[in-house]
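Content type compact mmCIF, C-alpha atoms, from the file start.txt:
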# COMPACT_ATOMS: atom_id res chain seq x y z
CA MET J 27 123.12 143.74 120.63
CA THR J 28 121.16 143.41 123.87
CA ARG J 29 117.42 142.97 123.71
CA ALA J 30 116.97 146.36 125.33
CA ALA J 31 118.96 147.96 122.53
CA TRP J 32 116.23 147.04 120.05
CA ILE J 33 114.10 149.85 121.35
CA ARG J 34 116.60 152.42 120.12
CA HIS J 35 116.22 151.29 116.50
CA GLY J 36 112.65 152.56 116.48
CA SER J 37 111.38 150.82 113.31
CA TRP J 38 110.79 147.26 112.27
CA ALA J 39 110.99 145.51 108.87
CA ALA J 40 107.81 143.52 108.30
CA VAL J 41 108.45 140.20 106.62
CA ALA J 42 105.30 139.60 104.55
CA VAL J 43 102.65 137.64 106.40
CA ALA J 44 101.90 135.67 103.25
CA ALA J 45 105.44 134.34 103.35
CA PHE J 46 105.11 132.59 106.65
CA GLY J 47 101.35 132.64 107.20
CA LEU J 48 99.81 130.73 110.03
CA GLY J 49 101.63 127.61 108.89
CA SER J 50 105.20 126.52 109.19
CA VAL J 51 107.76 126.88 106.42
CA ARG J 52 110.47 124.35 105.90
CA SER J 53 113.63 123.88 103.90
CA GLY J 54 114.57 120.50 102.53
CA ASP J 55 112.33 118.45 104.81
CA ASP J 56 111.69 114.77 104.33
CA PRO J 57 107.88 114.43 104.78
CA GLY J 58 108.44 111.70 107.29
CA SER J 59 110.87 113.55 109.49
CA THR J 60 109.88 114.06 113.11
CA ALA J 61 109.93 117.41 114.87
CA ARG J 62 112.35 117.85 117.68
CA THR J 63 112.49 120.51 120.28
CA GLY J 64 115.36 122.79 121.09
CA ALA J 65 118.06 124.39 118.97
CA VAL J 66 119.12 121.40 116.94
CA SER J 67 122.77 120.41 116.77
CA LYS J 68 124.91 120.84 113.66
CA THR J 69 124.39 117.33 112.36
CA GLU J 70 120.95 117.42 110.54
CA SER J 71 117.96 119.91 107.30
CA ARG J 72 111.00 124.91 103.08
CA ALA J 73 109.96 127.96 102.68
CA SER J 74 108.45 130.35 100.23
CA PRO J 75 109.37 133.72 101.63
CA GLY J 76 107.92 137.03 100.73
CA ARG J 77 110.29 139.54 99.17
CA ALA J 78 112.13 141.43 101.85
CA SER J 79 113.87 144.73 101.33
CA GLY J 80 117.59 144.52 100.73
CA GLY J 81 118.12 148.01 102.15
CA SER J 82 119.80 148.65 105.45
CA GLY J 83 116.89 150.52 107.00
CA GLY J 84 113.82 148.90 108.51
CA MET J 85 110.22 149.44 107.45
CA ARG J 86 107.84 151.06 109.90
CA ALA J 87 105.34 148.47 111.04
CA ALA J 88 101.70 149.16 110.32
CA LYS J 89 99.63 149.74 113.44
CA GLY J 90 97.87 146.61 114.58
CA GLY J 91 100.10 144.47 112.39
CA PRO J 92 100.83 144.59 108.67
CA GLY J 93 98.62 143.31 105.92
CA ARG J 94 95.20 143.79 107.61
CA ALA J 95 92.85 146.71 107.18
CA ALA J 96 91.42 148.02 110.43
CA ASP J 97 87.86 147.12 109.43
CA GLN J 98 88.71 143.78 107.81
CA PRO J 99 86.65 141.01 109.44
CA ARG J 100 88.46 138.29 111.37
CA GLY J 101 87.55 134.64 111.25
CA PRO J 102 86.55 132.74 114.40
CA VAL J 103 89.96 131.09 114.81
CA ALA J 104 91.76 134.43 114.58
CA GLU J 105 89.39 135.82 117.22
CA LEU J 106 90.53 133.10 119.59
CA PHE J 107 94.11 134.38 119.51
CA PRO J 108 94.11 138.19 119.38
CA LEU J 109 97.61 139.58 118.92
CA PRO J 110 98.96 143.05 119.71
CA GLY J 111 100.79 145.15 117.16
CA LEU J 112 104.48 144.61 116.49
CA PRO J 113 106.50 144.79 119.72
CA ARG J 114 108.26 148.08 120.43
CA SER J 115 109.87 147.41 123.78
CA GLU J 116 111.82 144.66 125.44
CA ARG J 117 108.83 143.84 127.64
CA GLU J 118 106.56 143.48 124.59
CA PHE J 119 109.15 141.28 122.88
CA ASP J 120 109.40 139.11 125.97
CA ALA J 121 105.62 138.68 126.11
CA LEU J 122 105.39 137.86 122.41
CA ALA J 123 108.26 135.39 122.62
CA ARG J 124 106.68 133.59 125.55
CA GLN J 125 103.49 133.21 123.54
CA ALA J 126 105.38 132.12 120.41
CA PHE J 127 107.52 129.50 122.13
CA GLN J 128 105.77 128.52 125.36
CA ASP J 129 101.99 128.92 124.94
CA GLY J 130 100.19 125.63 125.50
CA ASN J 131 97.97 126.05 122.43
CA PRO J 132 99.75 125.21 119.15
CA LEU J 133 97.59 127.63 117.15
CA ALA J 134 98.41 130.46 119.52
CA ARG J 135 102.11 129.63 119.28
CA ARG J 136 101.96 129.62 115.50
CA ALA J 137 100.12 132.93 115.28
CA ALA J 138 102.49 134.57 117.76
CA PHE J 139 105.54 133.19 115.98
CA THR J 140 104.33 134.69 112.70
CA ARG J 141 104.11 138.07 114.44
CA PHE J 142 107.55 137.44 115.95
CA LEU J 143 109.03 136.95 112.46
CA GLU J 144 107.32 140.12 111.23
CA ALA J 145 109.33 142.08 113.78
CA MET J 146 112.69 140.88 112.46
CA THR J 147 115.19 143.39 111.04
CA ARG J 148 118.80 143.09 110.05
CA GLU J 149 119.74 144.86 113.24
CA ASN J 150 117.72 142.85 115.73
CA ALA J 151 117.93 139.35 114.22
CA PRO J 152 120.98 138.21 116.25
CA ALA J 153 119.33 139.23 119.52
CA MET J 154 115.98 137.74 118.49
CA ARG J 155 117.77 134.46 117.88
CA LYS J 156 118.62 134.29 121.57
CA TYR J 157 114.94 133.83 122.35
CA LEU J 158 114.92 130.67 120.22
CA VAL J 159 117.85 129.25 122.13
CA ASP J 160 116.68 130.31 125.59
CA MET J 161 113.05 129.27 125.09
CA ASN J 162 113.74 125.94 123.38
CA ALA J 163 112.18 126.72 119.99
CA ASP J 164 110.92 123.69 118.13
CA LYS J 165 112.49 122.45 114.94
CA ASP J 166 110.10 124.17 112.55
CA GLN J 167 110.44 127.50 114.35
CA TRP J 168 114.21 127.15 114.29
CA LYS J 169 114.23 126.50 110.57
CA ASP J 170 111.76 129.24 109.72
CA PHE J 171 113.57 131.88 111.75
CA HIS J 172 116.88 131.21 110.03
CA TYR J 173 115.25 131.02 106.61
CA ALA J 174 113.76 134.45 107.28
CA TRP J 175 117.05 135.87 108.53
CA GLY J 176 118.87 134.54 105.49
CA SER J 177 116.21 136.07 103.28
CA ILE J 178 116.79 139.61 104.57
CA ASP J 179 120.50 139.60 105.40
CA GLY J 180 122.02 136.62 103.63
CA GLU J 181 125.77 136.89 103.97
CA VAL J 182 125.74 138.21 107.53
CA ALA J 183 123.26 135.54 108.61
CA VAL J 184 125.20 132.72 106.94
CA LYS J 185 128.50 133.83 108.43
CA HIS J 186 126.83 133.96 111.84
CA ALA J 187 125.51 130.42 111.30
CA MET J 188 128.98 129.20 110.38
CA ASP J 189 130.24 130.32 113.79
CA THR J 190 127.53 128.72 115.92
CA ARG J 191 127.33 125.21 117.25
CA GLU J 192 123.65 124.75 116.40
CA TYR J 193 122.37 123.40 113.10
CA ASP J 194 121.34 126.52 111.23
CA MET J 195 123.63 126.94 108.20
CA GLU J 196 121.48 125.01 105.77
CA PHE J 197 118.26 126.85 106.62
CA THR J 198 119.95 130.25 106.56
CA MET J 199 121.58 129.60 103.20
CA SER J 200 118.20 128.42 101.86
CA GLY J 201 116.62 131.75 102.76
CA TRP J 202 119.46 133.69 101.15
CA SER J 203 119.42 131.56 98.01
CA SER J 204 115.65 131.89 97.65
CA MET J 205 115.99 135.70 97.50
CA HIS J 206 119.42 136.27 95.97
CA PRO J 207 120.64 133.03 94.36
CA ALA J 208 123.54 134.58 92.45
CA GLU J 209 124.96 136.18 95.61
CA ALA J 210 124.58 132.97 97.60
CA GLU J 211 126.23 130.87 94.91
CA ARG J 212 129.09 133.32 94.55
CA PHE J 213 129.68 133.23 98.29
CA LEU J 214 129.89 129.44 98.26
CA LYS J 215 132.28 129.43 95.29
CA GLU J 216 134.53 131.97 96.99
CA LEU J 217 134.50 129.92 100.15
CA THR J 218 135.60 126.85 98.22
CA ALA J 219 138.23 128.78 96.25
CA ALA J 220 139.69 130.07 99.51
CA GLY J 221 140.67 126.53 100.37
CA LYS J 222 137.97 125.95 102.97
CA GLY J 223 136.59 123.01 101.07
CA GLU J 224 133.09 122.20 99.88
CA ASN J 225 130.54 122.77 102.61
CA VAL J 226 127.86 120.13 102.13
CA LEU J 227 125.30 121.88 104.34
CA LEU J 228 125.71 125.19 102.52
CA ARG J 229 125.42 123.42 99.16
CA ARG J 230 122.24 121.69 100.29
CA GLY J 231 120.86 124.99 101.53
CA LEU J 232 121.77 126.72 98.27
CA VAL J 233 119.91 124.10 96.24
CA ALA J 234 116.89 124.05 98.57
CA GLY J 235 116.47 127.82 98.47
CA LEU J 236 117.00 127.99 94.73
CA ALA J 237 114.41 125.25 94.26
CA ASP J 238 111.96 127.37 96.24
CA ALA J 239 112.51 130.23 93.80
CA ASP J 240 113.16 128.48 90.48
CA ARG J 241 113.29 124.71 90.20
CA SER J 242 114.65 124.89 86.63
CA LEU J 243 117.70 126.83 87.79
CA ALA J 244 118.19 124.46 90.70
CA THR J 245 117.98 121.44 88.40
CA ALA J 246 120.39 122.95 85.89
CA MET J 247 122.88 123.71 88.67
CA ILE J 248 122.81 120.11 89.85
CA PHE J 249 123.38 118.69 86.38
CA ASP J 250 126.26 121.13 85.90
CA LEU J 251 127.78 119.95 89.17
CA ALA J 252 127.39 116.34 88.10
CA GLY J 253 129.09 117.11 84.80
CA ALA J 254 132.00 118.59 86.72
CA GLY J 255 132.35 115.43 88.79
CA ALA J 256 130.83 116.72 92.02
CA LYS J 257 129.67 114.23 94.61
CA ASN J 258 126.24 113.93 96.25
CA THR J 259 124.39 115.29 93.21
CA GLY J 260 121.77 112.56 93.55
CA GLU J 261 121.03 113.77 97.07
CA LEU J 262 120.80 117.36 95.84
CA LEU J 263 118.37 116.43 93.08
CA GLY J 264 116.40 114.56 95.72
CA ILE J 265 115.83 117.89 97.48
CA VAL J 266 114.38 119.38 94.30
CA THR J 267 112.31 116.27 93.60
CA GLY J 268 110.87 116.38 97.10
CA LYS J 269 109.81 120.00 96.64
CA VAL J 270 108.16 119.26 93.28
CA LEU J 271 106.24 116.39 94.87
CA GLN J 272 105.20 118.48 97.83
CA ARG J 273 104.18 121.61 95.97
CA GLN J 274 103.18 120.64 92.43
CA GLY J 275 101.96 117.13 93.21
CA ILE J 276 102.66 113.67 91.89
CA ALA J 277 101.36 114.20 88.34
CA GLU J 278 103.66 117.18 87.77
CA ALA J 279 106.58 115.43 89.45
CA ALA J 280 106.08 112.43 87.18
CA ARG J 281 106.08 114.64 84.09
CA TRP J 282 109.07 116.68 85.26
CA SER J 283 111.26 113.73 86.21
CA ALA J 284 110.54 111.90 82.95
CA GLU J 285 111.82 114.92 80.99
CA LEU J 286 115.19 115.08 82.76
CA PRO J 287 118.28 114.05 80.77
CA ASP J 288 118.77 110.29 80.72
CA GLY J 289 121.21 108.90 83.23
CA PRO J 290 121.69 108.15 86.93
CA LEU J 291 120.24 111.46 88.14
CA LYS J 292 117.05 110.92 86.16
CA ALA J 293 116.87 107.38 87.50
CA ALA J 294 117.16 108.64 91.09
CA ALA J 295 114.49 111.32 90.62
CA MET J 296 112.07 108.93 88.94
CA ASP J 297 112.64 106.36 91.65
CA GLN J 298 111.70 108.94 94.29
CA VAL J 299 108.58 109.88 92.34
CA ALA J 300 107.68 106.23 91.79
CA HIS J 301 107.82 105.56 95.53
CA ALA J 302 105.41 108.43 96.27
CA TYR J 303 103.16 107.64 93.29
CA ALA J 304 102.85 103.92 94.02
CA GLY J 305 102.26 104.59 97.70
CA LYS J 306 99.23 106.70 96.78
CA ASP J 307 97.83 104.95 93.69
CA PRO J 308 99.82 101.88 92.55
CA ARG J 309 97.65 101.19 89.53
CA ALA J 310 98.09 104.73 88.17
CA ALA J 311 101.78 104.57 89.01
CA ALA J 312 102.07 101.35 87.04
CA GLN J 313 100.46 102.95 83.99
CA TRP J 314 103.02 105.74 84.20
CA ALA J 315 106.02 103.52 84.87
CA GLU J 316 105.37 100.90 82.19
CA ARG J 317 106.15 103.47 79.49
CA PHE J 318 109.78 103.32 80.61
CA ALA J 319 110.07 99.56 81.19
CA GLY J 320 112.61 99.08 78.41
CA GLU J 321 114.90 101.91 79.54
CA ASP J 322 118.02 101.27 81.59
CA TYR J 323 117.41 104.30 83.80
CA ALA J 324 113.94 103.04 84.75
CA SER J 325 114.94 99.73 86.31
CA ARG J 326 114.48 101.06 89.84
CA VAL J 327 111.19 102.71 88.86
CA ILE J 328 109.67 99.39 87.83
CA GLU J 329 111.00 97.69 90.94
CA GLU J 330 109.74 100.49 93.19
CA VAL J 331 106.22 100.43 91.76
CA GLY J 332 106.10 96.64 91.87
CA ASP J 333 107.35 96.56 95.44
CA GLU J 334 104.94 99.24 96.70
CA TRP J 335 102.00 97.61 94.89
CA ALA J 336 102.96 94.22 96.32
CA LYS J 337 102.55 95.63 99.83
CA ARG J 338 98.82 96.00 99.08
CA ASN J 339 98.11 93.35 96.48
CA PRO J 340 101.06 91.14 95.53
CA ALA J 341 99.09 89.06 93.05
CA GLU J 342 98.09 92.16 91.06
CA ALA J 343 101.63 93.51 91.24
CA VAL J 344 103.11 90.28 89.89
CA LYS J 345 100.48 90.12 87.14
CA TRP J 346 101.49 93.62 86.05
CA LEU J 347 105.22 92.89 86.19
CA VAL J 348 104.86 89.74 84.10
CA SER J 349 103.04 91.75 81.43
CA LEU J 350 106.01 94.08 80.90
CA ASP J 351 108.73 93.75 78.32
CA ALA J 352 111.69 91.74 79.56
CA GLY J 353 114.39 93.73 81.25
CA GLY J 354 116.22 94.49 84.46
CA GLY J 355 113.34 96.44 85.85
CA GLN J 356 110.96 93.57 85.36
CA ASN J 357 113.29 91.05 86.98
CA SER J 358 114.10 93.21 89.99
CA GLY J 359 110.42 94.02 90.38
CA LEU J 360 109.46 90.35 90.33
CA ARG J 361 112.10 89.59 92.91
CA SER J 362 110.76 92.26 95.27
CA ALA J 363 107.09 91.43 94.68
CA LEU J 364 107.50 87.67 95.16
CA SER J 365 109.45 88.25 98.33
CA ARG J 366 106.54 90.23 99.77
CA TRP J 367 104.00 87.73 98.47
CA ALA J 368 105.88 84.85 100.10
CA GLN J 369 105.88 86.67 103.43
CA ARG J 370 102.18 87.43 103.17
CA ASP J 371 100.73 84.28 101.59
CA PRO J 372 103.34 81.73 100.44
CA VAL J 373 100.96 79.06 99.07
CA PRO J 374 99.35 81.04 96.22
CA ALA J 375 102.71 82.65 95.55
CA GLY J 376 104.29 79.22 95.12
CA GLU J 377 101.40 78.10 92.91
CA HIS J 378 102.01 81.11 90.68
CA LEU J 379 105.70 80.24 90.39
CA ALA J 380 104.85 76.66 89.50
CA ARG J 381 102.83 77.90 86.52
CA MET J 382 105.63 80.09 85.18
CA ALA J 383 107.71 78.75 82.31
CA ARG J 384 111.45 78.46 82.87
CA SER J 385 112.90 81.87 82.08
CA PRO J 386 115.10 84.61 83.55
CA GLN J 387 111.92 86.16 84.93
CA ARG J 388 111.03 82.94 86.75
CA ASP J 389 114.53 82.69 88.19
CA ALA J 390 114.32 86.25 89.50
CA ALA J 391 110.86 85.58 90.93
CA ILE J 392 112.00 82.41 92.70
CA ASN J 393 115.00 84.24 94.12
CA GLY J 394 112.64 86.75 95.69
CA TYR J 395 110.25 84.04 96.84
CA VAL J 396 113.10 82.22 98.59
CA ARG J 397 114.07 85.36 100.46
CA GLY J 398 110.52 85.89 101.64
CA LEU J 399 109.95 82.25 102.58
CA ALA J 400 113.30 81.43 104.21
CA THR J 401 112.58 82.73 107.70
CA LYS J 402 109.32 80.76 107.92
CA ASP J 403 110.22 77.62 106.00
CA PRO J 404 113.95 77.39 105.21
CA VAL J 405 113.71 73.79 104.01
CA GLY J 406 111.01 74.69 101.51
CA ALA J 407 113.04 77.73 100.48
CA ILE J 408 116.07 75.52 99.79
CA GLU J 409 113.98 73.26 97.56
CA TRP J 410 112.79 76.24 95.57
CA ALA J 411 116.31 77.68 95.36
CA ASP J 412 117.56 74.44 93.81
CA SER J 413 115.10 74.90 90.95
CA ILE J 414 116.70 78.15 89.74
CA ALA J 415 118.45 77.65 86.39
CA ASN J 416 120.82 80.62 86.60
CA ASP J 417 123.96 79.57 88.50
CA ARG J 418 124.58 82.94 90.14
CA LEU J 419 120.99 83.43 91.25
CA ARG J 420 120.77 79.83 92.48
CA ALA J 421 123.88 80.31 94.61
CA GLU J 422 122.49 83.58 95.93
CA ALA J 423 119.16 81.99 96.84
CA LEU J 424 120.77 78.93 98.44
CA THR J 425 122.97 81.17 100.55
CA SER J 426 119.98 83.17 101.74
CA ALA J 427 117.95 80.07 102.56
CA GLY J 428 120.94 78.29 104.12
CA LYS J 429 121.68 81.15 106.49
CA ALA J 430 118.04 81.24 107.57
CA TYR J 431 118.11 77.47 108.12
CA LEU J 432 121.29 77.71 110.20
CA GLN J 433 119.73 80.36 112.38
CA ARG J 434 116.42 78.54 112.82
CA ASN J 435 117.73 75.00 113.31
CA PRO J 436 121.54 74.91 113.58
CA ALA J 437 121.89 71.14 114.02
CA ALA J 438 119.68 70.24 111.07
CA ALA J 439 121.31 72.90 108.92
CA ARG J 440 124.82 71.62 109.65
CA ALA J 441 123.71 68.10 108.83
CA TRP J 442 122.34 69.38 105.50
CA ILE J 443 125.64 71.09 104.75
CA ALA J 444 127.63 67.98 105.69
CA GLN J 445 125.77 65.89 103.13
CA GLY J 446 127.75 67.63 100.42
CA GLY J 447 126.45 68.76 97.09
CA LEU J 448 126.62 72.46 97.87
CA PRO J 449 129.06 74.54 95.82
CA ALA J 450 132.09 75.46 97.89
CA GLY J 451 131.31 79.16 97.64
CA VAL J 452 127.77 78.65 98.91
CA ARG J 453 128.91 76.45 101.79
CA LYS J 454 131.48 79.03 102.83
CA ALA J 455 128.97 81.88 102.58
CA VAL J 456 126.36 80.02 104.63
CA LEU J 457 128.82 79.24 107.42
CA LYS J 458 130.35 82.71 107.47
CA PRO J 459 129.26 84.54 110.63

Reformat the file's structure so that it appears as structure tokens.
Amino acid sequence: MTRAAWIRHGSWAAVAVAAFGLGSVRSGDDPGSTARTGAVSKTESRASPGRASGGSGGMRAAKGGPGRAADQPRGPVAELFPLPGLPRSEREFDALARQAFQDGNPLARRAAFTRFLEAMTRENAPAMRKYLVDMNADKDQWKDFHYAWGSIDGEVAVKHAMDTREYDMEFTMSGWSSMHPAEAERFLKELTAAGKGENVLLRRGLVAGLADADRSLATAMIFDLAGAGAKNTGELLGIVTGKVLQRQGIAEAARWSAELPDGPLKAAAMDQVAHAYAGKDPRAAAQWAERFAGEDYASRVIEEVGDEWAKRNPAEAVKWLVSLDAGGGQNSGLRSALSRWAQRDPVPAGEHLARMARSPQRDAAINGYVRGLATKDPVGAIEWADSIANDRLRAEALTSAGKAYLQRNPAAARAWIAQGGLPAGVRKAVLKP
């Protein structure tokens, strides 16, 4: 359909303003991801859409834009960026698109883009998409447009995405799944049954959209997939966990993840929550995590909290870790925390180790200390490594310190190796390029 042909359709389906608002909607974003301009390529991946009509006909747009009474007062920011009604000609679409994608003011772009989405119908969506390509839409606009298109015309939009070179399948499937999860899931199953294989991007989009609509259903789907032997289920649950953290907050994410069935998926979700929790409030995170210190699935949780806390206050982190019941989580946490403490302030860290009684916890702590100290003082690190009682950990620590020594002072390190006394495996590992 050409852009001029839009005029002949005569009516426009208004996607609810509350769905897209003045802010951007995203599907499956990592909070730390950076925006990129242009139609992104098919090698990378929230939205809470308003309900759109599933009928084939469009809705007539309200004059002056939907959702606002004529006499409703406008705030001062809205007054800065007055927008016309929904576009009804190619010229009006061109003007709106230029404002949405090229205006120098980000608030004006966002407001215009919201109006641009409101004008989308099943009929005009393919032609509207050309504006995004031609005018170098940014990443959030790209994602939101395809989420909206998937929301109102799922199968058609997804099939279109499958035939394009740009990265749009995941976002489009997310929109479809958020509105019609059963249809979207059936489509993916039929695609797989037809011998076209499992499409990872479509599966990610399915889970992301379903998580927008119903996190319980999304979680149940992932555990069912894991039970059937599917791969990448940890990554899929990570999408759901990220949405819970972003929307419901850390406290709810902590409660939700702790109630998941025991096993690797629960461990992965709790680890993700622990990272966010400890980054914000390590002491509160520690109080939450210590309830699970004796559980196998919580080993990474303890380590994550200890490691994040050690970035701010390693002494407090180590004090907390030592207070826990013995277990893998405690040992791995001590290793991480002492490594950071050694990098930050090796003298008090070494004094703390000297006060610890010989134990598996001390061995793990020294192993971490050696790793943190080796780049600054490899000779001192070697001396500490020799004090580890556990043979495997001692060999591991000596290898780490030896490699650092060889890199820092090759001649002295080779003389140390030539003296003998090192286990053959350690000597070989240290000298291995």

TODO: Tell me, in Å to one decimal, how far atom CA of Pro386 of chain J is from atom CA of Ala455 of chain J.
DONE: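 Going from atom CA of Pro386 of chain J over to atom CA of Ala455 of chain J, I get 23.7 Å.
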
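For the pair atom CA of Leu143 of chain J and atom CA of Ala174 of chain J, the separation is 7.4 Å.
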
Task: Arg434 of chain J environment, 9 Å, all atoms listed in the file, sequence neighbours closer than 2 positions dropped, as a PyMOL selection string - done: chain J and resi 401-402+404+429-432+436+439

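Going from atom CA of Lys215 of chain J to atom CA of Ala153 of chain J covers 29.2 Å.
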
Open item on the list: So that I can see what lies close to Thr425 of chain J, please list as a ChimeraX atom specification the residues with an atom at most 9 Å from it, counting all atoms listed in the file and leaving out residues fewer than 5 positions away in the same chain.
Closed with: /J:408,420,430,452-453,455-456

When you get a chance, write out N, CA and C atoms for segment 231-242 of chain J, as a short mmCIF file (atom, residue, chain, number, x, y, z; two decimals), in the frame of the given file.
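Writing the result to result.cif gives the following:
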data_model
loop_
_atom_site.label_atom_id
_atom_site.label_comp_id
_atom_site.auth_asym_id
_atom_site.auth_seq_id
_atom_site.Cartn_x
_atom_site.Cartn_y
_atom_site.Cartn_z
N GLY J 231 121.69 123.81 101.31
CA GLY J 231 120.86 124.99 101.53
C GLY J 231 120.71 125.82 100.28
N LEU J 232 121.81 125.96 99.52
CA LEU J 232 121.77 126.72 98.27
C LEU J 232 120.76 126.10 97.31
N VAL J 233 120.83 124.79 97.15
CA VAL J 233 119.91 124.10 96.24
C VAL J 233 118.47 124.19 96.73
N ALA J 234 118.25 124.01 98.02
CA ALA J 234 116.89 124.05 98.57
C ALA J 234 116.26 125.42 98.37
N GLY J 235 117.01 126.48 98.65
CA GLY J 235 116.47 127.82 98.47
C GLY J 235 116.23 128.15 97.01
N LEU J 236 117.17 127.75 96.16
CA LEU J 236 117.00 127.99 94.73
C LEU J 236 115.80 127.23 94.19
N ALA J 237 115.58 126.03 94.68
CA ALA J 237 114.41 125.25 94.26
C ALA J 237 113.12 125.92 94.69
N ASP J 238 113.14 126.61 95.83
CA ASP J 238 111.96 127.37 96.24
C ASP J 238 111.64 128.48 95.25
N ALA J 239 112.69 129.09 94.70
CA ALA J 239 112.51 130.23 93.80
C ALA J 239 112.35 129.82 92.35
N ASP J 240 113.14 128.85 91.90
CA ASP J 240 113.16 128.48 90.48
C ASP J 240 113.72 127.07 90.35
N ARG J 241 112.82 126.10 90.23
CA ARG J 241 113.29 124.71 90.20
C ARG J 241 114.13 124.41 88.96
N SER J 242 113.87 125.12 87.85
CA SER J 242 114.65 124.89 86.63
C SER J 242 116.11 125.28 86.85
#
